[in-house]
file final17.cif (mmCIF, C-alpha atoms and all ligand atoms)
data_protein
loop_
_atom_site.group_PDB
_atom_site.id
_atom_site.type_symbol
_atom_site.label_atom_id
_atom_site.label_comp_id
_atom_site.auth_asym_id
_atom_site.auth_seq_id
_atom_site.Cartn_x
_atom_site.Cartn_y
_atom_site.Cartn_z
ATOM 1 C CA MET A 2 -63.240 -19.830 -219.343
ATOM 2 C CA ASN A 3 -63.833 -23.285 -217.862
ATOM 3 C CA VAL A 4 -62.764 -24.247 -214.365
ATOM 4 C CA ASP A 5 -59.658 -26.200 -215.404
ATOM 5 C CA GLU A 6 -58.411 -23.284 -217.448
ATOM 6 C CA ALA A 7 -59.132 -20.798 -214.675
ATOM 7 C CA ILE A 8 -57.222 -22.905 -212.155
ATOM 8 C CA ARG A 9 -54.299 -23.445 -214.509
ATOM 9 C CA THR A 10 -53.902 -19.899 -215.827
ATOM 10 C CA ARG A 11 -54.576 -17.782 -212.708
ATOM 11 C CA ARG A 12 -51.347 -16.099 -211.630
ATOM 12 C CA THR A 13 -50.267 -13.841 -208.809
ATOM 13 C CA HIS A 14 -49.894 -10.345 -210.261
ATOM 14 C CA LYS A 15 -47.851 -7.720 -208.488
ATOM 15 C CA VAL A 16 -48.037 -4.819 -210.933
ATOM 16 C CA TYR A 17 -51.374 -3.192 -211.695
ATOM 17 C CA ARG A 18 -52.854 -0.384 -213.708
ATOM 18 C CA PRO A 19 -54.320 2.365 -211.499
ATOM 19 C CA ASP A 20 -58.010 1.803 -212.246
ATOM 20 C CA PRO A 21 -59.871 0.157 -209.368
ATOM 21 C CA VAL A 22 -62.184 -2.818 -209.727
ATOM 22 C CA PRO A 23 -65.774 -1.500 -210.015
ATOM 23 C CA ARG A 24 -68.011 -2.166 -207.059
ATOM 24 C CA GLU A 25 -70.501 -4.184 -209.167
ATOM 25 C CA GLN A 26 -67.700 -6.580 -210.064
ATOM 26 C CA LEU A 27 -66.607 -6.861 -206.448
ATOM 27 C CA ASP A 28 -70.197 -7.548 -205.458
ATOM 28 C CA GLN A 29 -70.301 -10.409 -207.961
ATOM 29 C CA LEU A 30 -67.121 -11.861 -206.478
ATOM 30 C CA PHE A 31 -68.410 -11.693 -202.897
ATOM 31 C CA GLU A 32 -71.687 -13.232 -203.993
ATOM 32 C CA LEU A 33 -69.685 -16.167 -205.345
ATOM 33 C CA ALA A 34 -67.477 -16.418 -202.244
ATOM 34 C CA ARG A 35 -70.456 -17.387 -200.115
ATOM 35 C CA TRP A 36 -70.798 -20.655 -202.061
ATOM 36 C CA ALA A 37 -67.484 -21.910 -200.736
ATOM 37 C CA PRO A 38 -67.772 -25.069 -198.630
ATOM 38 C CA ASN A 39 -68.049 -24.413 -194.894
ATOM 39 C CA HIS A 40 -68.840 -26.980 -192.218
ATOM 40 C CA HIS A 41 -72.096 -26.312 -190.322
ATOM 41 C CA LEU A 42 -72.651 -23.359 -192.664
ATOM 42 C CA THR A 43 -70.867 -21.002 -190.314
ATOM 43 C CA ASN A 44 -70.201 -18.424 -193.051
ATOM 44 C CA PRO A 45 -66.977 -17.598 -191.195
ATOM 45 C CA TRP A 46 -65.426 -15.313 -193.840
ATOM 46 C CA ARG A 47 -65.301 -11.559 -193.603
ATOM 47 C CA PHE A 48 -64.203 -9.262 -196.428
ATOM 48 C CA ARG A 49 -63.497 -5.568 -195.972
ATOM 49 C CA VAL A 50 -62.847 -3.491 -199.061
ATOM 50 C CA LEU A 51 -60.441 -0.729 -198.135
ATOM 51 C CA GLY A 52 -61.371 2.884 -198.795
ATOM 52 C CA PRO A 53 -59.029 5.891 -198.744
ATOM 53 C CA ARG A 54 -59.236 6.351 -194.966
ATOM 54 C CA SER A 55 -58.672 2.723 -194.030
ATOM 55 C CA LEU A 56 -55.802 2.494 -196.507
ATOM 56 C CA GLU A 57 -54.188 5.549 -194.951
ATOM 57 C CA ALA A 58 -54.680 4.113 -191.463
ATOM 58 C CA LEU A 59 -53.113 0.849 -192.586
ATOM 59 C CA LYS A 60 -50.100 2.705 -193.951
ATOM 60 C CA GLN A 61 -49.708 4.558 -190.654
ATOM 61 C CA GLY A 62 -49.688 1.191 -188.894
ATOM 62 C CA HIS A 63 -46.541 0.112 -190.723
ATOM 63 C CA PRO A 64 -44.815 3.001 -192.535
ATOM 64 C CA GLU A 65 -41.993 0.749 -193.823
ATOM 65 C CA GLY A 66 -44.503 -1.319 -195.760
ATOM 66 C CA ALA A 67 -46.652 1.622 -196.887
ATOM 67 C CA ALA A 68 -45.386 1.839 -200.468
ATOM 68 C CA LYS A 69 -46.308 -1.764 -201.163
ATOM 69 C CA LEU A 70 -49.913 -0.995 -200.255
ATOM 70 C CA ASP A 71 -50.149 1.260 -203.309
ATOM 71 C CA ARG A 72 -49.300 -1.520 -205.708
ATOM 72 C CA ALA A 73 -52.891 -2.538 -206.418
ATOM 73 C CA PRO A 74 -55.871 -0.179 -206.741
ATOM 74 C CA THR A 75 -58.288 -2.424 -204.840
ATOM 75 C CA LEU A 76 -57.437 -4.088 -201.539
ATOM 76 C CA VAL A 77 -59.632 -6.445 -199.552
ATOM 77 C CA ALA A 78 -58.814 -7.540 -196.007
ATOM 78 C CA CYS A 79 -59.852 -11.189 -195.714
ATOM 79 C CA SER A 80 -60.445 -12.819 -192.358
ATOM 80 C CA VAL A 81 -62.471 -15.488 -190.611
ATOM 81 C CA VAL A 82 -64.370 -15.325 -187.349
ATOM 82 C CA GLN A 83 -63.016 -17.647 -184.682
ATOM 83 C CA THR A 84 -65.116 -19.067 -181.867
ATOM 84 C CA GLY A 85 -62.567 -20.613 -179.521
ATOM 85 C CA ASP A 86 -63.632 -24.135 -180.467
ATOM 86 C CA GLU A 87 -60.388 -25.570 -181.832
ATOM 87 C CA ALA A 88 -61.895 -27.930 -184.394
ATOM 88 C CA GLN A 89 -64.383 -25.425 -185.711
ATOM 89 C CA ASP A 90 -61.805 -22.671 -185.899
ATOM 90 C CA GLU A 91 -59.493 -24.874 -187.929
ATOM 91 C CA GLU A 92 -62.306 -25.768 -190.304
ATOM 92 C CA ASP A 93 -63.374 -22.167 -190.625
ATOM 93 C CA VAL A 94 -59.869 -21.037 -191.556
ATOM 94 C CA ALA A 95 -59.880 -23.701 -194.273
ATOM 95 C CA ALA A 96 -63.337 -22.586 -195.425
ATOM 96 C CA GLY A 97 -62.179 -18.976 -195.514
ATOM 97 C CA ALA A 98 -59.215 -19.919 -197.672
ATOM 98 C CA CYS A 99 -61.625 -21.681 -200.056
ATOM 99 C CA ALA A 100 -63.702 -18.498 -200.255
ATOM 100 C CA VAL A 101 -60.645 -16.390 -201.013
ATOM 101 C CA TYR A 102 -59.614 -18.799 -203.752
ATOM 102 C CA ALA A 103 -63.137 -18.735 -205.191
ATOM 103 C CA ILE A 104 -62.819 -14.971 -205.446
ATOM 104 C CA MET A 105 -59.420 -15.272 -207.098
ATOM 105 C CA LEU A 106 -60.638 -17.731 -209.708
ATOM 106 C CA ALA A 107 -63.840 -15.819 -210.436
ATOM 107 C CA ALA A 108 -61.844 -12.604 -210.691
ATOM 108 C CA HIS A 109 -59.426 -14.229 -213.103
ATOM 109 C CA ALA A 110 -62.314 -15.463 -215.267
ATOM 110 C CA ARG A 111 -63.467 -11.816 -215.451
ATOM 111 C CA GLY A 112 -60.039 -10.505 -216.461
ATOM 112 C CA ILE A 113 -59.291 -9.221 -212.966
ATOM 113 C CA ALA A 114 -55.858 -10.051 -211.576
ATOM 114 C CA THR A 115 -55.219 -10.876 -207.934
ATOM 115 C CA TYR A 116 -52.445 -11.212 -205.398
ATOM 116 C CA TRP A 117 -52.955 -12.847 -201.994
ATOM 117 C CA ARG A 118 -50.569 -11.118 -199.614
ATOM 118 C CA THR A 119 -49.960 -11.591 -195.926
ATOM 119 C CA PRO A 120 -48.391 -8.246 -194.988
ATOM 120 C CA GLU A 121 -46.723 -7.826 -191.642
ATOM 121 C CA VAL A 122 -48.978 -4.890 -190.785
ATOM 122 C CA LEU A 123 -52.034 -7.136 -190.553
ATOM 123 C CA ARG A 124 -50.337 -9.087 -187.788
ATOM 124 C CA SER A 125 -50.199 -5.963 -185.636
ATOM 125 C CA ALA A 126 -52.950 -4.513 -183.451
ATOM 126 C CA GLU A 127 -52.675 -1.168 -185.300
ATOM 127 C CA GLY A 128 -53.052 -2.800 -188.693
ATOM 128 C CA ARG A 129 -55.975 -4.942 -187.614
ATOM 129 C CA ALA A 130 -57.706 -1.913 -186.111
ATOM 130 C CA ALA A 131 -57.102 0.107 -189.279
ATOM 131 C CA VAL A 132 -59.212 -2.306 -191.301
ATOM 132 C CA GLY A 133 -61.736 -3.082 -188.568
ATOM 133 C CA VAL A 134 -60.724 -6.700 -187.958
ATOM 134 C CA GLY A 135 -62.321 -7.826 -184.717
ATOM 135 C CA GLY A 136 -60.450 -9.442 -181.847
ATOM 136 C CA ASP A 137 -62.244 -12.713 -182.605
ATOM 137 C CA GLU A 138 -61.039 -12.842 -186.205
ATOM 138 C CA HIS A 139 -58.111 -14.599 -187.810
ATOM 139 C CA VAL A 140 -56.588 -12.647 -190.690
ATOM 140 C CA LEU A 141 -56.133 -14.645 -193.895
ATOM 141 C CA GLY A 142 -54.505 -11.866 -195.845
ATOM 142 C CA LEU A 143 -54.874 -8.760 -197.914
ATOM 143 C CA LEU A 144 -56.214 -9.598 -201.339
ATOM 144 C CA HIS A 145 -54.991 -7.253 -204.065
ATOM 145 C CA LEU A 146 -57.216 -6.893 -207.111
ATOM 146 C CA GLY A 147 -56.903 -4.918 -210.311
ATOM 147 C CA TYR A 148 -55.967 -5.039 -213.935
ATOM 148 C CA ALA A 149 -52.601 -6.565 -214.686
ATOM 149 C CA ASP A 150 -49.895 -4.418 -216.138
ATOM 150 C CA ARG A 151 -47.972 -7.348 -217.515
ATOM 151 C CA ASP A 152 -47.980 -11.123 -217.651
ATOM 152 C CA TRP A 153 -46.318 -13.253 -215.031
ATOM 153 C CA GLN A 154 -44.916 -16.644 -215.774
ATOM 154 C CA PRO A 155 -46.089 -19.492 -213.577
ATOM 155 C CA PRO A 156 -43.541 -20.645 -211.023
ATOM 156 C CA ALA A 157 -42.536 -24.292 -211.437
ATOM 157 C CA ARG A 158 -44.897 -26.717 -209.782
ATOM 158 C CA LEU A 159 -44.273 -30.096 -208.237
ATOM 159 C CA GLU A 160 -45.744 -32.940 -210.273
ATOM 160 C CA PRO A 161 -48.637 -34.824 -208.605
ATOM 161 C CA GLY A 162 -46.350 -37.848 -208.150
ATOM 162 C CA GLY A 163 -44.519 -35.750 -205.545
ATOM 163 C CA PHE A 164 -47.545 -35.234 -203.333
ATOM 164 C CA VAL A 165 -50.170 -37.864 -204.152
ATOM 165 C CA GLN A 166 -50.363 -41.420 -202.883
ATOM 166 C CA TYR A 167 -53.005 -43.973 -203.745
ATOM 167 C CA LEU A 168 -53.223 -46.101 -200.608
ATOM 168 C CA ASP A 169 -54.096 -49.799 -200.427
HETATM 169 C C1 LIG B 1 -51.932 -17.775 -197.780
HETATM 170 C C2 LIG B 1 -51.066 -17.136 -198.815
HETATM 171 C C3 LIG B 1 -50.262 -16.059 -198.462
HETATM 172 C C4 LIG B 1 -49.449 -15.442 -199.412
HETATM 173 N N1 LIG B 1 -48.683 -14.375 -199.025
HETATM 174 C C5 LIG B 1 -47.838 -13.814 -199.925
HETATM 175 C C6 LIG B 1 -47.030 -12.713 -199.535
HETATM 176 O O1 LIG B 1 -47.120 -12.206 -198.418
HETATM 177 N N2 LIG B 1 -46.158 -12.219 -200.440
HETATM 178 C C7 LIG B 1 -46.058 -12.745 -201.710
HETATM 179 O O2 LIG B 1 -45.227 -12.273 -202.476
HETATM 180 N N3 LIG B 1 -46.860 -13.740 -202.122
HETATM 181 C C8 LIG B 1 -47.750 -14.299 -201.260
HETATM 182 N N4 LIG B 1 -48.581 -15.299 -201.669
HETATM 183 C C9 LIG B 1 -48.634 -15.673 -203.100
HETATM 184 C C10 LIG B 1 -47.722 -16.831 -203.434
HETATM 185 O O3 LIG B 1 -46.384 -16.419 -203.301
HETATM 186 C C11 LIG B 1 -48.019 -17.297 -204.871
HETATM 187 O O4 LIG B 1 -49.314 -17.854 -204.900
HETATM 188 C C12 LIG B 1 -46.997 -18.298 -205.358
HETATM 189 O O5 LIG B 1 -45.794 -17.666 -205.646
HETATM 190 C C13 LIG B 1 -47.454 -19.026 -206.612
HETATM 191 O O6 LIG B 1 -47.704 -18.138 -207.669
HETATM 192 P P1 LIG B 1 -49.101 -18.123 -208.425
HETATM 193 O O7 LIG B 1 -50.136 -17.599 -207.460
HETATM 194 O O8 LIG B 1 -48.922 -17.233 -209.613
HETATM 195 O O9 LIG B 1 -49.405 -19.519 -208.840
HETATM 196 C C14 LIG B 1 -49.422 -15.934 -200.749
HETATM 197 C C15 LIG B 1 -50.252 -17.012 -201.104
HETATM 198 C C16 LIG B 1 -51.073 -17.600 -200.160
HETATM 199 C C17 LIG B 1 -51.960 -18.752 -200.556
#
call {"tool": "encode", "arguments": {"input": "final17.cif", "output": "structure tokens", "more": "lines below"}}
Ligand SMILES: Cc1cc2nc3c(=O)[nH]c(=O)nc-3n(C[C@H](O)[C@H](O)[C@H](O)COP(=O)(O)O)c2cc1C
result
Amino acid sequence: MNVDEAIRTRRTHKVYRPDPVPREQLDQLFELARWAPNHHLTNPWRFRVLGPRSLEALKQGHPEGAAKLDRAPTLVACSVVQTGDEAQDEEDVAAGACAVYAIMLAAHARGIATYWRTPEVLRSAEGRAAVGVGGDEHVLGLLHLGYADRDWQPPARLEPGGFVQYLD
């Protein structure tokens, strides 16, 4: 799959088969994530693959949202380290988002579906503690990975004319 096709055909998947993504495949994805652009090579991203205990702790942190955490077999808490320097922190959040997207595209090219979620529980102290997110980290989301149960149609997209300007 070439890059254009990967970008165009990747979709958010919300229904997964139960089989988890093998660790070797996850390792390949994280190896690719580190090639995302990041100013001053800060490597700000952090990825934590949830195991049974951390998943359970996360569910305890927000029982109302617990069922949704069972939707995908593999969950990865994605965050970036923040330093307190406003400009660097902003850049590092952007770099972290690039790394997450790199994972999503590389996963898609391997037949692995993804869903970038920002669940309420990861905004709480309990939820952050459940997945070991440090006080100096900004949470980007909870990346769901797995094998899609069905196809999802792409939501309509704005044409480039709606968001691109060529300036004089
Ligand atoms: C930063 C970020 C946070 C997101 N959080 C959620 C979320 O909490 N719940 C959700 O249903 N989708 C979430 N999404 C997925 C978007 O809704 C999805 O990308 C959008 O509907 C377009 O669909 P597509 O990914 O198939 O192109 C998030 C996407 C991004 C980039």
call {"tool": "resolve_selection", "arguments": {"input": "final17.cif", "expression": "the PyMOL selection byres (((chain A and resi 131) around 9) and not hetatm)", "output": "number ranges by chain"}}
result
A: 54-62, 123, 126-130, 132-134
call {"tool": "closest_residue", "arguments": {"input": "final17.cif", "among": "A:Lys69, A:Arg111, A:Arg9, A:His139", "to": "Arg47 of chain A", "atoms": "all atoms listed in the file"}}
result
A:His139
call {"tool": "resolve_selection", "arguments": {"input": "final17.cif", "expression": "the PyMOL selection byres (((not hetatm)) within 10 of (chain B and resi 1))", "output": "number ranges by chain"}}
result
A: 8-15, 98, 101-102, 105, 115-121, 140-144, 153-158
call {"tool": "closest_residue", "arguments": {"input": "final17.cif", "among": "A:Val122, A:Ala78, A:Ile104, A:Ala7", "to": "Phe31 of chain A", "atoms": "all atoms listed in the file"}}
result
A:Ile104
call {"tool": "closest_residue", "arguments": {"input": "final17.cif", "among": "A:Val4, A:Ala96, A:Ala114, A:Val22", "to": "Val82 of chain A", "atoms": "only C-alpha atoms"}}
result
A:Ala96
call {"tool": "atom_distance", "arguments": {"input": "final17.cif", "atom1": "atom CA of Val50 of chain A", "atom2": "atom CA of Glu65 of chain A"}}
result
21.9 Å
call {"tool": "atom_distance", "arguments": {"input": "final17.cif", "atom1": "atom CA of Cys79 of chain A", "atom2": "atom CA of Asn39 of chain A"}}
result
15.6 Å
call {"tool": "build_atoms", "arguments": {"input": "final17.cif", "residues": "segment 34-48 of chain A", "atoms": "N, CA, C and O atoms", "output": "JSON list (two decimals), in the frame of the given file"}}
result
[["chain", "number", "residue", "atom", "x", "y", "z"],
["A", 34, "ALA", "N", -68.27, -15.93, -203.39],
["A", 34, "ALA", "CA", -67.48, -16.42, -202.24],
["A", 34, "ALA", "C", -68.35, -17.20, -201.27],
["A", 34, "ALA", "O", -67.92, -18.18, -200.66],
["A", 35, "ARG", "N", -69.59, -16.77, -201.14],
["A", 35, "ARG", "CA", -70.46, -17.39, -200.12],
["A", 35, "ARG", "C", -70.83, -18.82, -200.44],
["A", 35, "ARG", "O", -71.39, -19.52, -199.62],
["A", 36, "TRP", "N", -70.52, -19.27, -201.68],
["A", 36, "TRP", "CA", -70.80, -20.66, -202.06],
["A", 36, "TRP", "C", -69.64, -21.58, -201.74],
["A", 36, "TRP", "O", -69.70, -22.78, -202.04],
["A", 37, "ALA", "N", -68.61, -21.05, -201.14],
["A", 37, "ALA", "CA", -67.48, -21.91, -200.74],
["A", 37, "ALA", "C", -67.97, -22.91, -199.68],
["A", 37, "ALA", "O", -68.87, -22.60, -198.89],
["A", 38, "PRO", "N", -67.36, -24.10, -199.65],
["A", 38, "PRO", "CA", -67.77, -25.07, -198.63],
["A", 38, "PRO", "C", -67.44, -24.55, -197.23],
["A", 38, "PRO", "O", -66.40, -23.92, -197.03],
["A", 39, "ASN", "N", -68.34, -24.78, -196.30],
["A", 39, "ASN", "CA", -68.05, -24.41, -194.89],
["A", 39, "ASN", "C", -68.89, -25.29, -193.99],
["A", 39, "ASN", "O", -70.11, -25.34, -194.11],
["A", 40, "HIS", "N", -68.19, -25.99, -193.07],
["A", 40, "HIS", "CA", -68.84, -26.98, -192.22],
["A", 40, "HIS", "C", -69.82, -26.30, -191.27],
["A", 40, "HIS", "O", -69.48, -25.29, -190.65],
["A", 41, "HIS", "N", -71.00, -26.85, -191.13],
["A", 41, "HIS", "CA", -72.10, -26.31, -190.32],
["A", 41, "HIS", "C", -72.60, -24.96, -190.84],
["A", 41, "HIS", "O", -73.25, -24.22, -190.10],
["A", 42, "LEU", "N", -72.23, -24.64, -192.06],
["A", 42, "LEU", "CA", -72.65, -23.36, -192.66],
["A", 42, "LEU", "C", -72.44, -22.19, -191.71],
["A", 42, "LEU", "O", -73.35, -21.42, -191.40],
["A", 43, "THR", "N", -71.20, -22.07, -191.26],
["A", 43, "THR", "CA", -70.87, -21.00, -190.31],
["A", 43, "THR", "C", -70.65, -19.65, -191.00],
["A", 43, "THR", "O", -70.57, -18.63, -190.31],
["A", 44, "ASN", "N", -70.50, -19.68, -192.31],
["A", 44, "ASN", "CA", -70.20, -18.42, -193.05],
["A", 44, "ASN", "C", -69.11, -17.62, -192.32],
["A", 44, "ASN", "O", -69.34, -16.45, -191.95],
["A", 45, "PRO", "N", -67.96, -18.23, -192.10],
["A", 45, "PRO", "CA", -66.98, -17.60, -191.20],
["A", 45, "PRO", "C", -66.21, -16.43, -191.82],
["A", 45, "PRO", "O", -65.57, -15.67, -191.11],
["A", 46, "TRP", "N", -66.26, -16.30, -193.14],
["A", 46, "TRP", "CA", -65.43, -15.31, -193.84],
["A", 46, "TRP", "C", -65.92, -13.89, -193.65],
["A", 46, "TRP", "O", -67.11, -13.62, -193.54],
["A", 47, "ARG", "N", -64.99, -12.99, -193.63],
["A", 47, "ARG", "CA", -65.30, -11.56, -193.60],
["A", 47, "ARG", "C", -64.38, -10.88, -194.63],
["A", 47, "ARG", "O", -63.19, -11.16, -194.68],
["A", 48, "PHE", "N", -64.98, -9.99, -195.41],
["A", 48, "PHE", "CA", -64.20, -9.26, -196.43],
["A", 48, "PHE", "C", -64.44, -7.77, -196.23],
["A", 48, "PHE", "O", -65.58, -7.33, -196.16]]
